[in-house]
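upload-v1.tsv (TSV, N, CA and C atoms) appears below.
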chain	number	residue	atom	x	y	z
C	278	MET	N	0.84	-1.17	0.00
C	278	MET	CA	0.00	0.00	0.00
C	278	MET	C	0.89	1.24	0.00
C	279	THR	N	0.66	2.10	-0.91
C	279	THR	CA	1.44	3.33	-0.98
C	279	THR	C	0.64	4.47	-0.39
C	280	THR	N	1.36	5.38	0.17
C	280	THR	CA	0.69	6.56	0.71
C	280	THR	C	0.67	7.63	-0.37
C	281	PRO	N	-0.41	8.34	-0.45
C	281	PRO	CA	-0.47	9.40	-1.47
C	281	PRO	C	0.53	10.50	-1.15
C	282	ALA	N	1.10	11.05	-2.19
C	282	ALA	CA	2.07	12.14	-2.01
C	282	ALA	C	1.34	13.36	-1.45
C	283	ARG	N	1.98	13.99	-0.51
C	283	ARG	CA	1.40	15.19	0.09
C	283	ARG	C	1.55	16.36	-0.86
C	284	ARG	N	0.46	16.98	-1.19
C	284	ARG	CA	0.49	18.12	-2.10
C	284	ARG	C	0.79	19.38	-1.31
C	285	PRO	N	1.63	20.21	-1.87
C	285	PRO	CA	1.92	21.45	-1.15
C	285	PRO	C	0.66	22.32	-1.06
C	286	ARG	N	0.57	23.02	0.04
C	286	ARG	CA	-0.56	23.92	0.25
C	286	ARG	C	-0.46	25.07	-0.75
C	287	ARG	N	-1.56	25.44	-1.34
C	287	ARG	CA	-1.57	26.56	-2.29
C	287	ARG	C	-2.02	27.83	-1.58
C	288	ARG	N	-1.41	28.92	-1.96
C	288	ARG	CA	-1.83	30.18	-1.36
C	288	ARG	C	-3.01	30.74	-2.14
C	289	ASN	N	-3.86	31.45	-1.44
C	289	ASN	CA	-5.07	32.00	-2.04
C	289	ASN	C	-4.92	33.45	-2.42
C	290	GLN	N	-3.89	34.11	-1.91
C	290	GLN	CA	-3.70	35.53	-2.17
C	290	GLN	C	-2.43	35.74	-2.97
C	291	VAL	N	-2.38	36.86	-3.67
C	291	VAL	CA	-1.19	37.22	-4.42
C	291	VAL	C	-0.09	37.59	-3.44
C	292	LEU	N	1.09	37.10	-3.71
C	292	LEU	CA	2.22	37.40	-2.84
C	292	LEU	C	2.75	38.79	-3.16
C	293	SER	N	2.91	39.61	-2.14
C	293	SER	CA	3.42	40.96	-2.31
C	293	SER	C	4.39	41.26	-1.18
C	294	ARG	N	5.14	42.32	-1.35
C	294	ARG	CA	6.08	42.74	-0.31
C	294	ARG	C	5.34	43.01	1.00
C	295	GLU	N	4.19	43.68	0.91
C	295	GLU	CA	3.42	44.01	2.11
C	295	GLU	C	2.96	42.74	2.82
C	296	ARG	N	2.50	41.76	2.08
C	296	ARG	CA	2.04	40.51	2.68
C	296	ARG	C	3.20	39.78	3.36
C	297	ILE	N	4.36	39.79	2.73
C	297	ILE	CA	5.53	39.15	3.31
C	297	ILE	C	5.94	39.86	4.60
C	298	VAL	N	5.95	41.18	4.58
C	298	VAL	CA	6.32	41.96	5.77
C	298	VAL	C	5.31	41.72	6.89
C	299	ASP	N	4.02	41.68	6.56
C	299	ASP	CA	3.00	41.41	7.58
C	299	ASP	C	3.20	40.02	8.20
C	300	ALA	N	3.51	39.03	7.37
C	300	ALA	CA	3.76	37.68	7.89
C	300	ALA	C	5.01	37.68	8.77
C	301	ALA	N	6.02	38.43	8.38
C	301	ALA	CA	7.24	38.52	9.18
C	301	ALA	C	6.95	39.15	10.54
C	302	ILE	N	6.13	40.18	10.57
C	302	ILE	CA	5.77	40.83	11.83
C	302	ILE	C	5.03	39.85	12.73
C	303	GLU	N	4.14	39.06	12.15
C	303	GLU	CA	3.41	38.05	12.94
C	303	GLU	C	4.39	37.04	13.55
C	304	LEU	N	5.34	36.57	12.75
C	304	LEU	CA	6.32	35.61	13.26
C	304	LEU	C	7.20	36.24	14.35
C	305	LEU	N	7.62	37.48	14.11
C	305	LEU	CA	8.45	38.18	15.09
C	305	LEU	C	7.70	38.38	16.40
C	306	ASP	N	6.44	38.75	16.32
C	306	ASP	CA	5.64	38.96	17.52
C	306	ASP	C	5.43	37.64	18.28
C	307	ALA	N	5.30	36.56	17.55
C	307	ALA	CA	5.04	35.27	18.19
C	307	ALA	C	6.29	34.68	18.85
C	308	GLY	N	7.46	34.86	18.21
C	308	GLY	CA	8.63	34.18	18.75
C	308	GLY	C	9.93	34.95	18.72
C	309	GLY	N	9.88	36.23	18.43
C	309	GLY	CA	11.10	37.03	18.38
C	309	GLY	C	11.89	36.78	17.10
C	310	GLU	N	13.09	37.34	17.06
C	310	GLU	CA	13.90	37.25	15.84
C	310	GLU	C	14.29	35.83	15.48
C	311	ASP	N	14.44	34.96	16.47
C	311	ASP	CA	14.80	33.57	16.19
C	311	ASP	C	13.70	32.84	15.43
C	312	ALA	N	12.45	33.28	15.56
C	312	ALA	CA	11.33	32.63	14.88
C	312	ALA	C	11.25	33.01	13.41
C	313	LEU	N	11.93	34.08	13.02
C	313	LEU	CA	11.87	34.53	11.63
C	313	LEU	C	12.93	33.79	10.81
C	314	THR	N	12.50	32.70	10.18
C	314	THR	CA	13.37	31.93	9.32
C	314	THR	C	12.73	31.83	7.94
C	315	VAL	N	13.54	31.52	6.96
C	315	VAL	CA	13.01	31.36	5.61
C	315	VAL	C	12.01	30.21	5.59
C	316	ARG	N	12.31	29.14	6.30
C	316	ARG	CA	11.39	28.00	6.34
C	316	ARG	C	10.04	28.40	6.94
C	317	ALA	N	10.07	29.16	8.02
C	317	ALA	CA	8.81	29.61	8.63
C	317	ALA	C	8.05	30.53	7.70
C	318	MET	N	8.76	31.41	7.01
C	318	MET	CA	8.11	32.33	6.07
C	318	MET	C	7.48	31.57	4.91
C	319	THR	N	8.22	30.64	4.32
C	319	THR	CA	7.69	29.92	3.17
C	319	THR	C	6.51	29.04	3.57
C	320	GLY	N	6.56	28.48	4.77
C	320	GLY	CA	5.42	27.69	5.25
C	320	GLY	C	4.19	28.54	5.48
C	321	ARG	N	4.38	29.69	6.07
C	321	ARG	CA	3.25	30.58	6.37
C	321	ARG	C	2.63	31.15	5.09
C	322	LEU	N	3.47	31.43	4.11
C	322	LEU	CA	2.99	32.06	2.88
C	322	LEU	C	2.72	31.08	1.75
C	323	ALA	N	3.00	29.79	1.98
C	323	ALA	CA	2.81	28.75	0.95
C	323	ALA	C	3.53	29.13	-0.34
C	324	THR	N	4.81	29.40	-0.23
C	324	THR	CA	5.62	29.78	-1.38
C	324	THR	C	7.02	29.24	-1.18
C	325	GLY	N	7.87	29.50	-2.15
C	325	GLY	CA	9.25	29.07	-2.05
C	325	GLY	C	10.15	30.19	-1.57
C	326	PRO	N	11.37	29.86	-1.18
C	326	PRO	CA	12.28	30.88	-0.67
C	326	PRO	C	12.64	31.94	-1.72
C	327	GLY	N	12.67	31.54	-2.99
C	327	GLY	CA	13.01	32.50	-4.04
C	327	GLY	C	12.03	33.65	-4.11
C	328	ALA	N	10.76	33.37	-3.88
C	328	ALA	CA	9.74	34.43	-3.93
C	328	ALA	C	9.94	35.43	-2.80
C	329	VAL	N	10.30	34.92	-1.62
C	329	VAL	CA	10.53	35.81	-0.48
C	329	VAL	C	11.74	36.70	-0.77
C	330	TYR	N	12.82	36.09	-1.22
C	330	TYR	CA	14.03	36.87	-1.53
C	330	TYR	C	13.79	37.87	-2.66
C	331	HIS	N	12.96	37.49	-3.61
C	331	HIS	CA	12.66	38.40	-4.73
C	331	HIS	C	11.96	39.67	-4.25
C	332	HIS	N	11.02	39.51	-3.33
C	332	HIS	CA	10.23	40.65	-2.87
C	332	HIS	C	10.92	41.49	-1.82
C	333	VAL	N	11.71	40.87	-0.92
C	333	VAL	CA	12.28	41.64	0.19
C	333	VAL	C	13.79	41.55	0.31
C	334	GLY	N	14.42	40.65	-0.36
C	334	GLY	CA	15.88	40.53	-0.25
C	334	GLY	C	16.27	39.65	0.92
C	335	THR	N	17.29	40.05	1.62
C	335	THR	CA	17.85	39.24	2.70
C	335	THR	C	17.00	39.32	3.96
C	336	ARG	N	17.34	38.49	4.93
C	336	ARG	CA	16.65	38.48	6.21
C	336	ARG	C	16.79	39.83	6.91
C	337	ASP	N	17.97	40.42	6.86
C	337	ASP	CA	18.16	41.74	7.47
C	337	ASP	C	17.29	42.80	6.80
C	338	GLU	N	17.16	42.72	5.49
C	338	GLU	CA	16.29	43.66	4.79
C	338	GLU	C	14.83	43.45	5.17
C	339	LEU	N	14.45	42.20	5.40
C	339	LEU	CA	13.09	41.91	5.86
C	339	LEU	C	12.87	42.46	7.27
C	340	LEU	N	13.84	42.29	8.14
C	340	LEU	CA	13.74	42.85	9.49
C	340	LEU	C	13.65	44.37	9.44
C	341	ASP	N	14.45	44.99	8.58
C	341	ASP	CA	14.39	46.44	8.43
C	341	ASP	C	13.02	46.89	7.91
C	342	ALA	N	12.47	46.14	6.96
C	342	ALA	CA	11.16	46.49	6.40
C	342	ALA	C	10.07	46.34	7.47
C	343	ALA	N	10.15	45.31	8.27
C	343	ALA	CA	9.17	45.11	9.35
C	343	ALA	C	9.26	46.26	10.36
C	344	THR	N	10.48	46.64	10.71
C	344	THR	CA	10.70	47.75	11.64
C	344	THR	C	10.14	49.04	11.06
C	345	GLU	N	10.46	49.30	9.81
C	345	GLU	CA	9.99	50.52	9.17
C	345	GLU	C	8.46	50.57	9.10
C	346	THR	N	7.82	49.46	8.84
C	346	THR	CA	6.36	49.40	8.76
C	346	THR	C	5.74	49.78	10.10
C	347	ILE	N	6.26	49.23	11.17
C	347	ILE	CA	5.71	49.52	12.51
C	347	ILE	C	5.96	50.98	12.88
C	348	VAL	N	7.17	51.47	12.65
C	348	VAL	CA	7.50	52.85	13.02
C	348	VAL	C	6.71	53.84	12.18
C	349	THR	N	6.56	53.57	10.90
C	349	THR	CA	5.79	54.46	10.03
C	349	THR	C	4.35	54.58	10.51
C	350	THR	N	3.77	53.48	10.92
C	350	THR	CA	2.41	53.49	11.45
C	350	THR	C	2.34	54.34	12.72
C	351	ALA	N	3.32	54.18	13.60
C	351	ALA	CA	3.34	54.96	14.84
C	351	ALA	C	3.51	56.45	14.56
C	352	LEU	N	4.34	56.78	13.59
C	352	LEU	CA	4.59	58.19	13.28
C	352	LEU	C	3.39	58.87	12.62
C	353	ALA	N	2.47	58.08	12.09
C	353	ALA	CA	1.28	58.65	11.46
C	353	ALA	C	0.20	59.00	12.48
C	354	THR	N	0.45	58.72	13.73
C	354	THR	CA	-0.53	58.97	14.79
C	354	THR	C	-0.73	60.47	14.98
C	355	ARG	N	-1.97	60.84	15.17
C	355	ARG	CA	-2.33	62.24	15.40
C	355	ARG	C	-3.10	62.34	16.71
C	356	PRO	N	-3.06	63.50	17.36
C	356	PRO	CA	-3.84	63.68	18.60
C	356	PRO	C	-5.32	63.47	18.33
C	357	SER	N	-6.02	62.98	19.34
C	357	SER	CA	-7.44	62.66	19.17
C	357	SER	C	-8.35	63.89	19.21
C	358	ARG	N	-7.86	64.97	19.70
C	358	ARG	CA	-8.73	66.15	19.80
C	358	ARG	C	-8.34	67.21	18.77
C	359	ALA	N	-9.33	67.97	18.35
C	359	ALA	CA	-9.09	69.05	17.39
C	359	ALA	C	-8.39	70.20	18.10
C	360	GLY	N	-7.62	70.97	17.36
C	360	GLY	CA	-6.93	72.12	17.92
C	360	GLY	C	-5.75	71.76	18.79
C	361	ALA	N	-5.15	70.62	18.52
C	361	ALA	CA	-4.02	70.17	19.33
C	361	ALA	C	-2.81	71.06	19.07
C	362	THR	N	-2.03	71.28	20.09
C	362	THR	CA	-0.81	72.07	19.97
C	362	THR	C	0.31	71.19	19.42
C	363	PRO	N	1.40	71.78	18.95
C	363	PRO	CA	2.54	70.98	18.51
C	363	PRO	C	3.04	70.03	19.61
C	364	GLY	N	2.99	70.49	20.85
C	364	GLY	CA	3.39	69.63	21.96
C	364	GLY	C	2.49	68.41	22.08
C	365	ASP	N	1.19	68.60	21.85
C	365	ASP	CA	0.25	67.47	21.87
C	365	ASP	C	0.56	66.48	20.75
C	366	GLU	N	0.93	67.00	19.60
C	366	GLU	CA	1.26	66.13	18.46
C	366	GLU	C	2.51	65.31	18.76
C	367	ILE	N	3.53	65.96	19.33
C	367	ILE	CA	4.76	65.25	19.68
C	367	ILE	C	4.46	64.18	20.73
C	368	ARG	N	3.66	64.52	21.71
C	368	ARG	CA	3.30	63.55	22.76
C	368	ARG	C	2.55	62.36	22.16
C	369	ALA	N	1.63	62.59	21.25
C	369	ALA	CA	0.86	61.50	20.63
C	369	ALA	C	1.78	60.56	19.86
C	370	VAL	N	2.73	61.12	19.12
C	370	VAL	CA	3.66	60.28	18.35
C	370	VAL	C	4.58	59.51	19.30
C	371	ALA	N	5.09	60.19	20.33
C	371	ALA	CA	5.98	59.53	21.29
C	371	ALA	C	5.26	58.37	21.98
C	372	LEU	N	4.03	58.57	22.37
C	372	LEU	CA	3.26	57.50	23.00
C	372	LEU	C	2.98	56.37	22.03
C	373	ALA	N	2.74	56.69	20.76
C	373	ALA	CA	2.50	55.65	19.76
C	373	ALA	C	3.75	54.81	19.53
C	374	VAL	N	4.91	55.45	19.50
C	374	VAL	CA	6.17	54.71	19.35
C	374	VAL	C	6.40	53.85	20.59
C	375	PHE	N	6.15	54.39	21.76
C	375	PHE	CA	6.30	53.61	23.00
C	375	PHE	C	5.37	52.40	22.98
C	376	ASP	N	4.12	52.61	22.60
C	376	ASP	CA	3.16	51.50	22.53
C	376	ASP	C	3.60	50.45	21.51
C	377	ALA	N	4.15	50.89	20.38
C	377	ALA	CA	4.63	49.95	19.37
C	377	ALA	C	5.77	49.09	19.93
C	378	ILE	N	6.68	49.71	20.66
C	378	ILE	CA	7.78	48.96	21.27
C	378	ILE	C	7.24	47.98	22.32
C	379	ALA	N	6.24	48.40	23.07
C	379	ALA	CA	5.65	47.51	24.08
C	379	ALA	C	4.90	46.35	23.41
C	380	ASP	N	4.25	46.60	22.29
C	380	ASP	CA	3.48	45.56	21.59
C	380	ASP	C	4.37	44.60	20.80
C	381	HIS	N	5.49	45.10	20.33
C	381	HIS	CA	6.41	44.31	19.50
C	381	HIS	C	7.76	44.27	20.22
C	382	ARG	N	7.95	43.27	21.06
C	382	ARG	CA	9.11	43.22	21.95
C	382	ARG	C	10.44	43.21	21.21
C	383	TRP	N	10.48	42.79	19.98
C	383	TRP	CA	11.70	42.73	19.18
C	383	TRP	C	12.06	44.09	18.60
C	384	LEU	N	11.15	45.03	18.63
C	384	LEU	CA	11.32	46.31	17.94
C	384	LEU	C	12.43	47.17	18.53
C	385	ALA	N	12.59	47.21	19.83
C	385	ALA	CA	13.60	48.07	20.45
C	385	ALA	C	15.00	47.71	19.96
C	386	THR	N	15.29	46.42	19.89
C	386	THR	CA	16.60	45.97	19.42
C	386	THR	C	16.81	46.38	17.97
C	387	ARG	N	15.80	46.18	17.15
C	387	ARG	CA	15.92	46.52	15.72
C	387	ARG	C	16.09	48.03	15.53
C	388	LEU	N	15.37	48.82	16.30
C	388	LEU	CA	15.52	50.28	16.19
C	388	LEU	C	16.94	50.70	16.54
C	389	THR	N	17.47	50.13	17.61
C	389	THR	CA	18.83	50.46	18.02
C	389	THR	C	19.82	50.09	16.93
C	390	LEU	N	19.69	48.90	16.37
C	390	LEU	CA	20.60	48.47	15.30
C	390	LEU	C	20.49	49.37	14.08
C	391	GLN	N	19.28	49.74	13.71
C	391	GLN	CA	19.13	50.60	12.53
C	391	GLN	C	19.72	51.99	12.76
C	392	ILE	N	19.54	52.51	13.94
C	392	ILE	CA	20.09	53.84	14.23
C	392	ILE	C	21.61	53.81	14.21
C	393	VAL	N	22.20	52.73	14.75
C	393	VAL	CA	23.65	52.61	14.77
C	393	VAL	C	24.20	52.38	13.36
C	394	ARG	N	23.55	51.50	12.60
C	394	ARG	CA	24.03	51.16	11.26
C	394	ARG	C	23.80	52.25	10.24
C	395	ASN	N	22.66	52.93	10.35
C	395	ASN	CA	22.29	53.89	9.33
C	395	ASN	C	21.59	55.09	9.98
C	396	PRO	N	22.37	56.01	10.57
C	396	PRO	CA	21.76	57.13	11.30
C	396	PRO	C	20.92	58.07	10.43
C	397	THR	N	21.05	58.00	9.13
C	397	THR	CA	20.25	58.86	8.26
C	397	THR	C	19.21	58.05	7.51
C	398	GLY	N	18.94	56.82	7.95
C	398	GLY	CA	17.99	55.95	7.28
C	398	GLY	C	16.56	56.35	7.50
C	399	PRO	N	15.63	55.63	6.88
C	399	PRO	CA	14.20	56.01	6.94
C	399	PRO	C	13.60	55.91	8.34
C	400	VAL	N	14.06	54.98	9.16
C	400	VAL	CA	13.50	54.84	10.50
C	400	VAL	C	13.96	55.97	11.39
C	401	THR	N	15.21	56.38	11.24
C	401	THR	CA	15.75	57.44	12.06
C	401	THR	C	15.08	58.75	11.73
Re-express the file's structure as structure tokens.
Amino acid sequence: MTTPARRPRRRNQVLSRERIVDAAIELLDAGGEDALTVRAMTGRLATGPGAVYHHVGTRDELLDAATETIVTTALATRPSRAGATPGDEIRAVALAVFDAIADHRWLATRLTLQIVRNPTGPVT
């Protein structure tokens, strides 16, 4: 008796850089930087490693993209009340960045590395 060959799972959505970065953020949140492997990414996205590398490049570039996505979202935060002063706007952004670091425990390390490696980069 032979066992039927296991068919690879097919993905239902188009693979994009944004989808890959979102999946990376989910993996990072679940298990930290050690959980972000090519094998984990390809399993989660039902694709091969070449597709991941094509869209985002190396693992470090993927980590940078995930960091940039979270920080960009935090920086887009605006005060909840109308007529806010510049100080209120700065406070809202600072609190949003703090909350992002609290929600994504891996983020503080990545921010530090990016600031040291590229002080004029997009995250800085």
### Task
Would you kindly return, as a list in words, each protein, DNA or RNA residue with an atom no farther than 8 Å from any atom of stretch 380-388 of chain C, considering only N, CA and C atoms and excluding same-chain residues fewer than 3 positions away?
Leu305, Asp306, Gly308, Gly309, Glu310, Leu340, Asp341, Ala343, Thr344, Val374, Phe375, Asp376, Ala377, Gln391, Ile392, Val393, Arg394, Val400 and Thr401 of chain C
### Spatial neighbours of C:Ala353, 8 Å, all atoms listed in the file, chain gap at least 4 places, as a VMD selection string
chain C and resid 347 to 349 369 to 370
### Task
Work out how far apart atom C of C:Ala307 and atom N of C:Thr389 are and give it in Å to one decimal.
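So the two atoms, atom C of C:Ala307 and atom N of C:Thr389, lie 19.1 Å apart.
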### Message
Taking only stretch 296-353 of chain C into account, list the residues labelled alpha helix (DSSP H) by DSSP (computed from the backbone), as a PyMOL selection string.
### Response
chain C and resi 296-308+315-322+326-333+336-352
Save the residues we just selected, N, CA and C atoms, as a short mmCIF file (atom, residue, chain, number, x, y, z; two decimals), in the frame of the given file?
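Listing of part_4.cif after writing:
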data_model
loop_
_atom_site.label_atom_id
_atom_site.label_comp_id
_atom_site.auth_asym_id
_atom_site.auth_seq_id
_atom_site.Cartn_x
_atom_site.Cartn_y
_atom_site.Cartn_z
N ARG C 296 2.50 41.76 2.08
CA ARG C 296 2.04 40.51 2.68
C ARG C 296 3.20 39.78 3.36
N ILE C 297 4.36 39.79 2.73
CA ILE C 297 5.53 39.15 3.31
C ILE C 297 5.94 39.86 4.60
N VAL C 298 5.95 41.18 4.58
CA VAL C 298 6.32 41.96 5.77
C VAL C 298 5.31 41.72 6.89
N ASP C 299 4.02 41.68 6.56
CA ASP C 299 3.00 41.41 7.58
C ASP C 299 3.20 40.02 8.20
N ALA C 300 3.51 39.03 7.37
CA ALA C 300 3.76 37.68 7.89
C ALA C 300 5.01 37.68 8.77
N ALA C 301 6.02 38.43 8.38
CA ALA C 301 7.24 38.52 9.18
C ALA C 301 6.95 39.15 10.54
N ILE C 302 6.13 40.18 10.57
CA ILE C 302 5.77 40.83 11.83
C ILE C 302 5.03 39.85 12.73
N GLU C 303 4.14 39.06 12.15
CA GLU C 303 3.41 38.05 12.94
C GLU C 303 4.39 37.04 13.55
N LEU C 304 5.34 36.57 12.75
CA LEU C 304 6.32 35.61 13.26
C LEU C 304 7.20 36.24 14.35
N LEU C 305 7.62 37.48 14.11
CA LEU C 305 8.45 38.18 15.09
C LEU C 305 7.70 38.38 16.40
N ASP C 306 6.44 38.75 16.32
CA ASP C 306 5.64 38.96 17.52
C ASP C 306 5.43 37.64 18.28
N ALA C 307 5.30 36.56 17.55
CA ALA C 307 5.04 35.27 18.19
C ALA C 307 6.29 34.68 18.85
N GLY C 308 7.46 34.86 18.21
CA GLY C 308 8.63 34.18 18.75
C GLY C 308 9.93 34.95 18.72
N VAL C 315 13.54 31.52 6.96
CA VAL C 315 13.01 31.36 5.61
C VAL C 315 12.01 30.21 5.59
N ARG C 316 12.31 29.14 6.30
CA ARG C 316 11.39 28.00 6.34
C ARG C 316 10.04 28.40 6.94
N ALA C 317 10.07 29.16 8.02
CA ALA C 317 8.81 29.61 8.63
C ALA C 317 8.05 30.53 7.70
N MET C 318 8.76 31.41 7.01
CA MET C 318 8.11 32.33 6.07
C MET C 318 7.48 31.57 4.91
N THR C 319 8.22 30.64 4.32
CA THR C 319 7.69 29.92 3.17
C THR C 319 6.51 29.04 3.57
N GLY C 320 6.56 28.48 4.77
CA GLY C 320 5.42 27.69 5.25
C GLY C 320 4.19 28.54 5.48
N ARG C 321 4.38 29.69 6.07
CA ARG C 321 3.25 30.58 6.37
C ARG C 321 2.63 31.15 5.09
N LEU C 322 3.47 31.43 4.11
CA LEU C 322 2.99 32.06 2.88
C LEU C 322 2.72 31.08 1.75
N PRO C 326 11.37 29.86 -1.18
CA PRO C 326 12.28 30.88 -0.67
C PRO C 326 12.64 31.94 -1.72
N GLY C 327 12.67 31.54 -2.99
CA GLY C 327 13.01 32.50 -4.04
C GLY C 327 12.03 33.65 -4.11
N ALA C 328 10.76 33.37 -3.88
CA ALA C 328 9.74 34.43 -3.93
C ALA C 328 9.94 35.43 -2.80
N VAL C 329 10.30 34.92 -1.62
CA VAL C 329 10.53 35.81 -0.48
C VAL C 329 11.74 36.70 -0.77
N TYR C 330 12.82 36.09 -1.22
CA TYR C 330 14.03 36.87 -1.53
C TYR C 330 13.79 37.87 -2.66
N HIS C 331 12.96 37.49 -3.61
CA HIS C 331 12.66 38.40 -4.73
C HIS C 331 11.96 39.67 -4.25
N HIS C 332 11.02 39.51 -3.33
CA HIS C 332 10.23 40.65 -2.87
C HIS C 332 10.92 41.49 -1.82
N VAL C 333 11.71 40.87 -0.92
CA VAL C 333 12.28 41.64 0.19
C VAL C 333 13.79 41.55 0.31
N ARG C 336 17.34 38.49 4.93
CA ARG C 336 16.65 38.48 6.21
C ARG C 336 16.79 39.83 6.91
N ASP C 337 17.97 40.42 6.86
CA ASP C 337 18.16 41.74 7.47
C ASP C 337 17.29 42.80 6.80
N GLU C 338 17.16 42.72 5.49
CA GLU C 338 16.29 43.66 4.79
C GLU C 338 14.83 43.45 5.17
N LEU C 339 14.45 42.20 5.40
CA LEU C 339 13.09 41.91 5.86
C LEU C 339 12.87 42.46 7.27
N LEU C 340 13.84 42.29 8.14
CA LEU C 340 13.74 42.85 9.49
C LEU C 340 13.65 44.37 9.44
N ASP C 341 14.45 44.99 8.58
CA ASP C 341 14.39 46.44 8.43
C ASP C 341 13.02 46.89 7.91
N ALA C 342 12.47 46.14 6.96
CA ALA C 342 11.16 46.49 6.40
C ALA C 342 10.07 46.34 7.47
N ALA C 343 10.15 45.31 8.27
CA ALA C 343 9.17 45.11 9.35
C ALA C 343 9.26 46.26 10.36
N THR C 344 10.48 46.64 10.71
CA THR C 344 10.70 47.75 11.64
C THR C 344 10.14 49.04 11.06
N GLU C 345 10.46 49.30 9.81
CA GLU C 345 9.99 50.52 9.17
C GLU C 345 8.46 50.57 9.10
N THR C 346 7.82 49.46 8.84
CA THR C 346 6.36 49.40 8.76
C THR C 346 5.74 49.78 10.10
N ILE C 347 6.26 49.23 11.17
CA ILE C 347 5.71 49.52 12.51
C ILE C 347 5.96 50.98 12.88
N VAL C 348 7.17 51.47 12.65
CA VAL C 348 7.50 52.85 13.02
C VAL C 348 6.71 53.84 12.18
N THR C 349 6.56 53.57 10.90
CA THR C 349 5.79 54.46 10.03
C THR C 349 4.35 54.58 10.51
N THR C 350 3.77 53.48 10.92
CA THR C 350 2.41 53.49 11.45
C THR C 350 2.34 54.34 12.72
N ALA C 351 3.32 54.18 13.60
CA ALA C 351 3.34 54.96 14.84
C ALA C 351 3.51 56.45 14.56
N LEU C 352 4.34 56.78 13.59
CA LEU C 352 4.59 58.19 13.28
C LEU C 352 3.39 58.87 12.62
#
### Å distance separating atom C of C:Asn395 from atom CA of C:Gly327, one decimal place
27.9 Å
### Message
I need the residue nearest C:Arg321 from this list: C:Gly398, C:Leu372, C:Ala300, C:Ala361. Use only N, CA and C atoms for the distance.
### Response
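Using only N, CA and C atoms, the shortest distance to C:Arg321 belongs to C:Ala300.
These residues, each with an atom at most 5 Å from (-2.3, 64.5, 18.5) using only N, CA and C atoms, are Arg355, Pro356, Ser357, Asp365, Glu366 and Ala369 of chain C.
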### Summary
Restricting to only N, CA and C atoms, whichever of C:Leu304, C:Ala371, C:Thr350, C:Leu322 is closest to C:Leu292 is C:Leu322
### Task
Find the distance between atom CA of C:Ala301 and atom CA of C:Arg368 and write it in Å to one decimal.
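Going from atom CA of C:Ala301 over to atom CA of C:Arg368, I get 28.7 Å.
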